[in-house]
$ cat upload.txt   # compact mmCIF, C-alpha atoms
# COMPACT_ATOMS: atom_id res chain seq x y z
CA MET A 21 77.67 114.32 135.54
CA THR A 22 76.06 117.67 136.34
CA ALA A 23 73.90 119.49 133.83
CA ASN A 24 76.63 122.08 133.14
CA ALA A 25 79.59 119.69 133.01
CA PRO A 26 81.36 119.51 129.62
CA ARG A 27 80.77 116.32 127.69
CA THR A 28 83.81 114.79 126.04
CA LEU A 29 83.66 111.96 123.54
CA ALA A 30 86.85 110.16 122.57
CA GLY A 31 88.18 107.64 120.08
CA TYR A 32 90.67 107.21 117.25
CA SER A 33 87.82 106.81 114.76
CA LEU A 34 84.04 106.86 114.72
CA PRO A 35 82.03 105.88 116.65
CA LEU A 36 83.12 108.14 119.51
CA SER A 37 82.17 107.31 123.07
CA PRO A 38 82.90 108.50 126.61
CA SER A 39 85.60 105.84 127.05
CA GLY A 40 86.89 105.87 123.48
CA ARG A 41 86.72 102.07 123.34
CA ALA A 42 83.86 102.04 120.83
CA SER A 43 86.10 103.20 117.96
CA MET A 44 85.98 101.00 114.90
CA LEU A 45 89.75 101.44 114.48
CA THR A 46 92.56 101.20 116.97
CA PRO A 47 95.34 103.78 116.54
CA PRO A 48 98.50 102.68 114.72
CA PRO A 49 100.90 100.97 114.73
CA TRP A 50 99.20 98.09 112.92
CA HIS A 51 101.08 94.84 112.35
CA PHE A 52 100.39 92.74 109.24
CA SER A 53 101.37 89.21 108.21
CA GLY A 54 100.19 87.98 104.83
CA GLU A 55 100.35 85.43 102.04
CA VAL A 56 100.69 87.25 98.71
CA LEU A 57 99.99 86.25 95.12
CA MET A 58 101.25 88.99 92.79
CA VAL A 59 101.34 89.34 89.00
CA ASP A 60 103.50 91.90 87.21
CA TYR A 61 101.85 93.38 84.15
CA ARG A 62 101.75 96.42 81.90
CA VAL A 63 98.97 98.88 81.19
CA ASP A 64 98.64 101.55 78.57
CA PRO A 65 101.07 104.29 79.79
CA ASP A 66 98.57 107.07 79.06
CA ALA A 67 95.89 105.26 81.05
CA ALA A 68 98.27 104.81 83.98
CA ALA A 69 99.31 108.47 83.90
CA ALA A 70 95.66 109.54 84.02
CA PHE A 71 95.37 107.94 87.48
CA LEU A 72 98.32 109.85 88.95
CA PRO A 73 97.46 113.05 90.85
CA ASP A 74 99.52 116.21 90.72
CA GLY A 75 102.85 115.59 92.40
CA LEU A 76 103.32 112.07 91.07
CA ASP A 77 104.98 111.28 87.74
CA PRO A 78 105.02 108.01 85.72
CA GLY A 79 108.74 107.69 86.38
CA ALA A 80 111.31 105.59 84.58
CA ASP A 81 108.97 102.74 83.63
CA PRO A 82 105.60 104.17 82.52
CA GLY A 83 102.86 101.55 82.41
CA ALA A 84 104.46 99.15 84.89
CA ALA A 85 101.75 97.70 87.13
CA ALA A 86 100.95 94.81 89.44
CA ALA A 87 97.85 92.92 90.52
CA VAL A 88 98.09 91.79 94.13
CA PHE A 89 95.99 89.25 96.03
CA ALA A 90 96.69 88.84 99.74
CA GLN A 91 95.29 87.00 102.73
CA TRP A 92 96.16 88.97 105.85
CA GLN A 93 96.29 88.62 109.59
CA TRP A 94 96.70 91.84 111.54
CA CYS A 95 96.85 93.14 115.08
CA SER A 96 97.21 96.41 116.92
CA ALA A 97 100.02 97.23 119.33
CA SER A 98 98.34 95.19 122.06
CA GLY A 99 98.14 92.06 119.92
CA ALA A 100 94.62 91.42 121.21
CA GLU A 101 93.19 90.81 117.74
CA ARG A 102 95.28 87.64 117.35
CA ASP A 103 92.86 85.92 119.74
CA HIS A 104 89.91 86.70 117.44
CA PRO A 105 90.50 85.22 113.95
CA ALA A 106 87.16 86.51 112.68
CA ARG A 107 88.38 90.00 113.45
CA ASN A 108 92.04 89.82 112.48
CA GLN A 109 91.82 88.03 109.11
CA PHE A 110 90.82 89.53 105.77
CA GLY A 111 91.37 89.15 102.06
CA GLU A 112 92.48 91.94 99.76
CA PHE A 113 92.97 92.66 96.08
CA LEU A 114 94.65 95.79 94.77
CA VAL A 115 96.19 97.28 91.66
CA LEU A 116 99.56 99.03 91.86
CA LEU A 117 100.98 101.51 89.35
CA ALA A 118 104.64 102.47 89.20
CA CYS A 119 105.27 106.17 89.79
CA GLU A 120 107.74 108.64 91.25
CA PHE A 121 107.63 111.57 93.62
CA ARG A 122 110.44 114.00 92.81
CA GLY A 123 112.54 111.13 91.47
CA ARG A 124 111.77 108.80 94.39
CA PRO A 125 110.27 105.47 93.20
CA MET A 126 106.84 104.79 94.66
CA ALA A 127 103.63 102.92 93.84
CA ARG A 128 100.10 104.23 93.51
CA CYS A 129 97.02 102.15 94.38
CA PRO A 130 94.10 103.42 92.27
CA PHE A 131 91.75 100.55 93.22
CA ALA A 132 91.51 98.13 96.14
CA TRP A 133 88.93 95.71 97.53
CA VAL A 134 88.71 93.97 100.91
CA ASP A 135 86.21 91.53 102.39
CA GLN A 136 85.93 92.93 105.92
CA PRO A 137 84.67 96.33 107.15
CA VAL A 138 87.55 97.29 109.46
CA PRO A 139 90.29 97.17 106.77
CA MET A 140 87.97 99.04 104.41
CA VAL A 141 87.52 101.93 106.84
CA ARG A 142 91.20 101.79 107.78
CA GLY A 143 92.01 102.17 104.08
CA TRP A 144 89.92 105.36 103.88
CA VAL A 145 91.86 106.77 106.83
CA GLN A 146 95.12 105.97 105.00
CA GLY A 147 93.89 107.39 101.69
CA MET A 148 93.61 103.93 100.10
CA PRO A 149 90.48 103.61 97.92
CA LYS A 150 89.21 100.38 99.44
CA GLN A 151 85.82 98.97 98.46
CA PHE A 152 83.98 95.84 99.52
CA GLY A 153 84.46 92.66 97.48
CA VAL A 154 84.93 88.91 97.78
CA VAL A 155 88.52 87.72 97.51
CA HIS A 156 89.61 84.10 97.13
CA GLN A 157 93.15 82.82 96.94
CA SER A 158 95.01 79.50 96.88
CA ARG A 159 97.17 78.68 99.85
CA PRO A 160 100.05 76.21 99.88
CA ALA A 161 99.15 72.71 101.04
CA LEU A 162 101.69 71.23 103.42
CA VAL A 163 100.29 67.68 103.08
CA GLY A 164 97.89 65.90 100.76
CA VAL A 165 96.74 66.91 97.30
CA GLY A 166 93.82 69.18 98.17
CA GLY A 167 95.88 72.27 97.38
CA PRO A 168 99.00 73.28 95.47
CA LYS A 169 102.44 72.57 96.84
CA LEU A 170 104.94 75.40 97.15
CA ALA A 171 107.34 73.69 94.75
CA PRO A 172 108.07 73.79 91.02
CA GLY A 173 104.84 73.12 89.15
CA GLY A 174 102.54 74.34 91.92
CA ARG A 175 99.71 76.44 90.47
CA PHE A 176 98.18 79.16 92.64
CA THR A 177 95.12 81.20 91.76
CA GLY A 178 93.28 84.27 92.98
CA SER A 179 89.95 85.90 92.16
CA LEU A 180 87.99 89.04 92.98
CA SER A 181 84.19 89.23 92.72
CA VAL A 182 82.12 92.36 93.29
CA PHE A 183 78.31 92.30 93.59
CA GLY A 184 78.34 88.66 92.47
CA GLU A 185 80.32 89.30 89.29
CA ARG A 186 83.86 88.09 88.60
CA VAL A 187 86.09 91.13 88.12
CA VAL A 188 89.69 89.84 88.17
CA SER A 189 91.27 86.39 88.08
CA ALA A 190 94.91 85.37 88.08
CA SER A 191 97.15 82.35 88.38
CA VAL A 192 100.84 81.74 88.97
CA THR A 193 102.63 78.46 88.24
CA VAL A 194 105.78 78.61 90.34
CA SER A 195 108.96 77.37 88.72
CA GLY A 196 111.72 78.50 91.08
CA LEU A 197 112.98 81.11 93.50
CA ALA A 198 113.49 84.76 92.56
CA GLU A 199 116.64 86.60 93.51
CA HIS A 200 114.74 89.67 94.71
CA PRO A 201 111.21 90.61 95.79
CA PRO A 202 109.05 92.18 93.07
CA PRO A 203 109.93 95.90 92.84
CA LEU A 204 106.40 97.27 93.23
CA HIS A 205 106.14 95.52 96.60
CA THR A 206 109.30 97.16 97.95
CA VAL A 207 108.53 100.87 97.49
CA PRO A 208 106.34 103.21 99.55
CA LEU A 209 102.70 103.65 98.56
CA ALA A 210 101.53 107.17 97.70
CA HIS A 211 97.92 107.87 98.74
CA THR A 212 95.54 110.80 98.58
CA LEU A 213 93.70 111.76 101.75
CA HIS A 214 90.31 112.80 100.41
CA PHE A 215 87.13 113.50 102.34
CA PRO A 216 83.90 114.63 100.68
CA ASP A 217 82.88 118.24 101.26
CA TRP A 218 79.88 117.41 103.44
CA ASP A 219 79.32 120.79 105.12
CA GLY A 220 80.42 123.20 102.39
CA GLY A 221 83.53 124.21 104.29
CA GLY A 222 85.93 122.68 101.79
CA ALA A 223 87.75 119.39 101.96
CA PRO A 224 91.38 119.82 100.90
CA GLU A 225 93.28 116.81 99.59
CA ARG A 226 96.71 115.81 100.83
CA LEU A 227 99.25 113.52 99.21
CA VAL A 228 100.83 111.16 101.74
CA ALA A 229 103.16 108.17 101.78
CA SER A 230 102.81 105.09 103.94
CA ALA A 231 105.42 104.79 106.68
CA VAL A 232 106.37 101.21 107.53
CA GLU A 233 109.04 99.37 109.48
CA ASP A 234 110.00 95.78 110.30
CA VAL A 235 109.45 94.66 106.69
CA GLU A 236 109.99 90.93 106.16
CA PHE A 237 109.85 88.78 103.02
CA SER A 238 109.92 85.02 102.85
CA GLU A 239 111.54 83.31 99.91
CA VAL A 240 109.85 84.57 96.75
CA TRP A 241 108.65 81.90 94.36
CA THR A 242 108.15 83.01 90.79
CA GLY A 243 106.94 81.67 87.46
CA PRO A 244 104.66 82.28 84.47
CA ALA A 245 101.36 83.97 85.20
CA ARG A 246 97.90 84.60 83.82
CA LEU A 247 95.88 87.75 84.56
CA GLU A 248 92.41 88.56 83.25
CA PHE A 249 90.04 91.44 83.92
CA GLY A 250 86.48 90.19 83.38
CA ALA A 251 83.53 91.90 81.77
CA ALA A 252 82.58 93.29 85.19
CA ALA A 253 85.78 95.40 85.22
CA ARG A 254 83.88 98.31 83.75
CA GLU A 255 84.61 101.98 83.36
CA ASP A 256 87.81 103.24 84.96
CA LEU A 257 89.10 99.91 86.26
CA GLY A 258 88.86 98.48 82.75
CA ALA A 259 91.29 101.14 81.55
CA LEU A 260 93.94 99.42 83.69
CA ALA A 261 93.46 95.97 82.17
CA PRO A 262 96.69 94.26 81.07
CA VAL A 263 98.16 94.86 77.64
CA GLU A 264 101.01 92.49 78.58
CA VAL A 265 101.39 90.00 81.44
CA GLY A 266 104.75 89.32 83.04
CA ALA A 267 105.90 87.02 85.82
CA GLY A 268 103.91 86.00 88.86
CA HIS A 269 105.16 85.73 92.42
CA LEU A 270 104.16 83.96 95.61
CA PHE A 271 105.56 84.92 99.01
CA ALA A 272 104.82 85.70 102.63
CA TYR A 273 105.16 89.28 103.77
CA GLY A 274 105.11 91.18 107.04
CA GLU A 275 105.27 94.83 108.03
CA THR A 276 104.32 97.32 110.70
CA LEU A 277 102.35 100.31 109.42
CA LEU A 278 103.18 103.36 111.49
CA GLY A 279 101.00 105.92 109.74
CA GLY A 280 101.35 108.39 106.91
CA THR A 281 103.90 111.09 106.11
CA PRO A 282 103.07 114.15 103.99
CA LEU A 283 104.53 114.35 100.50
CA VAL A 284 105.30 118.02 99.95
CA GLY A 285 107.13 119.78 97.15
$ encode --input "upload.txt" --output "structure tokens"
Amino acid sequence: MTANAPRTLAGYSLPLSPSGRASMLTPPPWHFSGEVLMVDYRVDPDAAAAFLPDGLDPGADPGAAAAVFAQWQWCSASGAERDHPARNQFGEFLVLLACEFRGRPMARCPFAWVDQPVPMVRGWVQGMPKQFGVVHQSRPALVGVGGPKLAPGGRFTGSLSVFGERVVSASVTVSGLAEHPPPLHTVPLAHTLHFPDWDGGGAPERLVASAVEDVEFSEVWTGPARLEFGAAAREDLGALAPVEVGAGHLFAYGETLLGGTPLVG
């Protein structure tokens, strides 16, 4: 390279490099396969509404919410990450709130935690408010008695810890198969793209929806559930603690995340 030659750095995300291969994130599409433990619950409707930005309304069922634990495997379009389990596996916990955009049912994720850095940064790109935490979750045991069986009476648990403190715990005792997947796992997610105003030039927010395809559900097992927000669920998260706990669900789920689409009035 000569002294006067232009220098070009490339990449889908930081860090940028001459080849672009140093990026922390690959460009979408991203493929996900997961094992999900989900608990339907209700929050105070006023508290839920306070977490909805302009453009989103509480909709037909104000206060409907869900707590979701998931153990994911993911890969980019090349599938290369499947050969590196330490890279392509992560745990996640998130809260979902029912909402609508101009009458279209959607879900809003006000809080989320993951246990690996790549999905955390990927969440920020999507507008998902992902933080770092420790997520544990039961998985079905195919043989032996070291884990729960995916059969009536099987009890599955999940927990989230942040900075060494238990924040959320849940359990589902499956009793049979549901006719349909849980509604809050079948609607698009509405996110806010938000970047801090680092240089004083302004950082406008944008409301976007996740765009997915190739959605797959396994059979959905359902049954009575327990959901508790611990003493460490302080401040704003504590406002979304359950006032009523509904059914729990256990299922496998797959999707391809294509990117985001603007939600405009």
$ closest_residue --input "upload.txt" --among "A:Val138, A:Ala106, A:Leu209, A:Leu45" --to "A:Glu120" --atoms "all atoms listed in the file"
A:Leu209
$ closest_residue --input "upload.txt" --among "A:Val235, A:Leu162, A:Ala87, A:Ala245" --to "A:Val207" --atoms "only C-alpha atoms"
A:Val235
$ residues_near_point --input "upload.txt" --point "(86.8, 87.0, 92.3)" --cutoff "10 Å" --atoms "all atoms listed in the file" --output "list in words"
Phe113, Gly153, Val154, Val155, His156, Gln157, Gly178, Ser179, Leu180, Ser181, Val182, Gly184, Glu185, Arg186, Val187, Val188, Ser189, Ala190 and Gly250 of chain A
$ axis_aligned_box --input "upload.txt" --around "stretch 200-211 of chain A" --padding-each-side "3 Å" --output "lines of an AutoDock Vina configuration file"
center_x = 106.3
center_y = 98.8
center_z = 96.2
size_x = 22.8
size_y = 24.2
size_z = 12.7
$ residues_around --input "upload.txt" --residues "A:Ser98" --least-positions-apart "4" --cutoff "10 Å" --atoms "all atoms listed in the file" --output "ChimeraX atom specification"
/A:46,49-50,102
$ atom_distance --input "upload.txt" --atom1 "atom CA of A:Pro208" --atom2 "atom CA of A:Gly79"
14.1 Å
$ closest_residue --input "upload.txt" --among "A:Gly174, A:Gly164, A:Pro149, A:Pro65" --to "A:Ala259" --atoms "only C-alpha atoms"
A:Pro65
$ closest_residue --input "upload.txt" --among "A:Trp144, A:Phe271, A:Phe121, A:Phe152" --to "A:Ala229" --atoms "all atoms listed in the file"
A:Phe121
$ closest_residue --input "upload.txt" --among "A:Val63, A:Leu36, A:Gly54, A:Val228" --to "A:Phe249" --atoms "only C-alpha atoms"
A:Val63
$ closest_residue --input "upload.txt" --among "A:Leu247, A:Cys129, A:Leu34, A:Leu76" --to "A:Leu283" --atoms "all atoms listed in the file"
A:Leu76
$ residues_around --input "upload.txt" --residues "A:Ala80" --least-positions-apart "4" --cutoff "10 Å" --atoms "only C-alpha atoms" --output "PDB file with C-alpha atoms, in the coordinates of the input"
ATOM      1  CA  ALA A  84     104.460  99.150  84.890  1.00  0.00           C
ATOM      2  CA  ALA A 118     104.640 102.470  89.200  1.00  0.00           C
ATOM      3  CA  CYS A 119     105.270 106.170  89.790  1.00  0.00           C
ATOM      4  CA  GLU A 120     107.740 108.640  91.250  1.00  0.00           C
ATOM      5  CA  GLY A 123     112.540 111.130  91.470  1.00  0.00           C
ATOM      6  CA  PRO A 125     110.270 105.470  93.200  1.00  0.00           C
TER       7      PRO A 125
END
$ atom_distance --input "upload.txt" --atom1 "atom CA of A:Leu270" --atom2 "atom CA of A:Gly167"
14.4 Å
$ residues_around --input "upload.txt" --residues "A:Ala171" --least-positions-apart "5" --cutoff "8 Å" --atoms "only C-alpha atoms" --output "MDAnalysis selection string"
chainID A and resid 194:196
$ atom_distance --input "upload.txt" --atom1 "atom CA of A:Ala261" --atom2 "atom CA of A:Ala127"
17.0 Å
$ residues_around --input "upload.txt" --residues "stretch 197-200 of chain A" --least-positions-apart "2" --cutoff "6 Å" --atoms "all atoms listed in the file" --output "list in words"
Val240, Trp241 and Thr242 of chain A
$ residues_around --input "upload.txt" --residues "A:Asp66" --least-positions-apart "2" --cutoff "10 Å" --atoms "all atoms listed in the file" --output "JSON, numbers by chain"
{"A": [63, 64, 68, 69, 70, 71, 78, 82, 83, 259]}
$ write_last_selection --input "upload.txt" --atoms "C-alpha atoms" --output "short mmCIF file (atom, residue, chain, number, x, y, z; two decimals), in the frame of the given file"
data_model
loop_
_atom_site.label_atom_id
_atom_site.label_comp_id
_atom_site.auth_asym_id
_atom_site.auth_seq_id
_atom_site.Cartn_x
_atom_site.Cartn_y
_atom_site.Cartn_z
CA VAL A 63 98.97 98.88 81.19
CA ASP A 64 98.64 101.55 78.57
CA ALA A 68 98.27 104.81 83.98
CA ALA A 69 99.31 108.47 83.90
CA ALA A 70 95.66 109.54 84.02
CA PHE A 71 95.37 107.94 87.48
CA PRO A 78 105.02 108.01 85.72
CA PRO A 82 105.60 104.17 82.52
CA GLY A 83 102.86 101.55 82.41
CA ALA A 259 91.29 101.14 81.55
#
$ build_atoms --input "upload.txt" --residues "stretch 125-136 of chain A" --atoms "N, CA and C atoms" --output "PDB file, keeping the file's coordinate frame"
ATOM      1  N   PRO A 125     111.201 106.507  93.653  1.00  0.00           N
ATOM      2  CA  PRO A 125     110.270 105.470  93.200  1.00  0.00           C
ATOM      3  C   PRO A 125     109.204 105.172  94.247  1.00  0.00           C
ATOM      4  N   MET A 126     107.970 105.085  93.783  1.00  0.00           N
ATOM      5  CA  MET A 126     106.840 104.790  94.660  1.00  0.00           C
ATOM      6  C   MET A 126     105.839 103.960  93.878  1.00  0.00           C
ATOM      7  N   ALA A 127     104.734 103.625  94.510  1.00  0.00           N
ATOM      8  CA  ALA A 127     103.630 102.920  93.840  1.00  0.00           C
ATOM      9  C   ALA A 127     102.333 103.606  94.240  1.00  0.00           C
ATOM     10  N   ARG A 128     101.418 103.633  93.295  1.00  0.00           N
ATOM     11  CA  ARG A 128     100.100 104.230  93.510  1.00  0.00           C
ATOM     12  C   ARG A 128      99.046 103.146  93.421  1.00  0.00           C
ATOM     13  N   CYS A 129      98.115 103.129  94.367  1.00  0.00           N
ATOM     14  CA  CYS A 129      97.020 102.150  94.380  1.00  0.00           C
ATOM     15  C   CYS A 129      95.739 102.863  93.973  1.00  0.00           C
ATOM     16  N   PRO A 130      95.317 102.749  92.696  1.00  0.00           N
ATOM     17  CA  PRO A 130      94.100 103.420  92.270  1.00  0.00           C
ATOM     18  C   PRO A 130      92.826 102.676  92.653  1.00  0.00           C
ATOM     19  N   PHE A 131      92.923 101.353  92.872  1.00  0.00           N
ATOM     20  CA  PHE A 131      91.750 100.550  93.220  1.00  0.00           C
ATOM     21  C   PHE A 131      92.167  99.466  94.213  1.00  0.00           C
ATOM     22  N   ALA A 132      91.279  99.203  95.183  1.00  0.00           N
ATOM     23  CA  ALA A 132      91.510  98.130  96.140  1.00  0.00           C
ATOM     24  C   ALA A 132      90.173  97.617  96.647  1.00  0.00           C
ATOM     25  N   TRP A 133      90.129  96.327  96.956  1.00  0.00           N
ATOM     26  CA  TRP A 133      88.930  95.710  97.530  1.00  0.00           C
ATOM     27  C   TRP A 133      89.345  94.849  98.709  1.00  0.00           C
ATOM     28  N   VAL A 134      88.515  94.831  99.745  1.00  0.00           N
ATOM     29  CA  VAL A 134      88.710  93.970 100.910  1.00  0.00           C
ATOM     30  C   VAL A 134      87.378  93.324 101.252  1.00  0.00           C
ATOM     31  N   ASP A 135      87.433  92.267 102.077  1.00  0.00           N
ATOM     32  CA  ASP A 135      86.210  91.530 102.390  1.00  0.00           C
ATOM     33  C   ASP A 135      85.796  91.655 103.853  1.00  0.00           C
ATOM     34  N   GLN A 136      86.327  92.660 104.546  1.00  0.00           N
ATOM     35  CA  GLN A 136      85.930  92.930 105.920  1.00  0.00           C
ATOM     36  C   GLN A 136      85.798  94.445 106.111  1.00  0.00           C
TER      37      GLN A 136
END
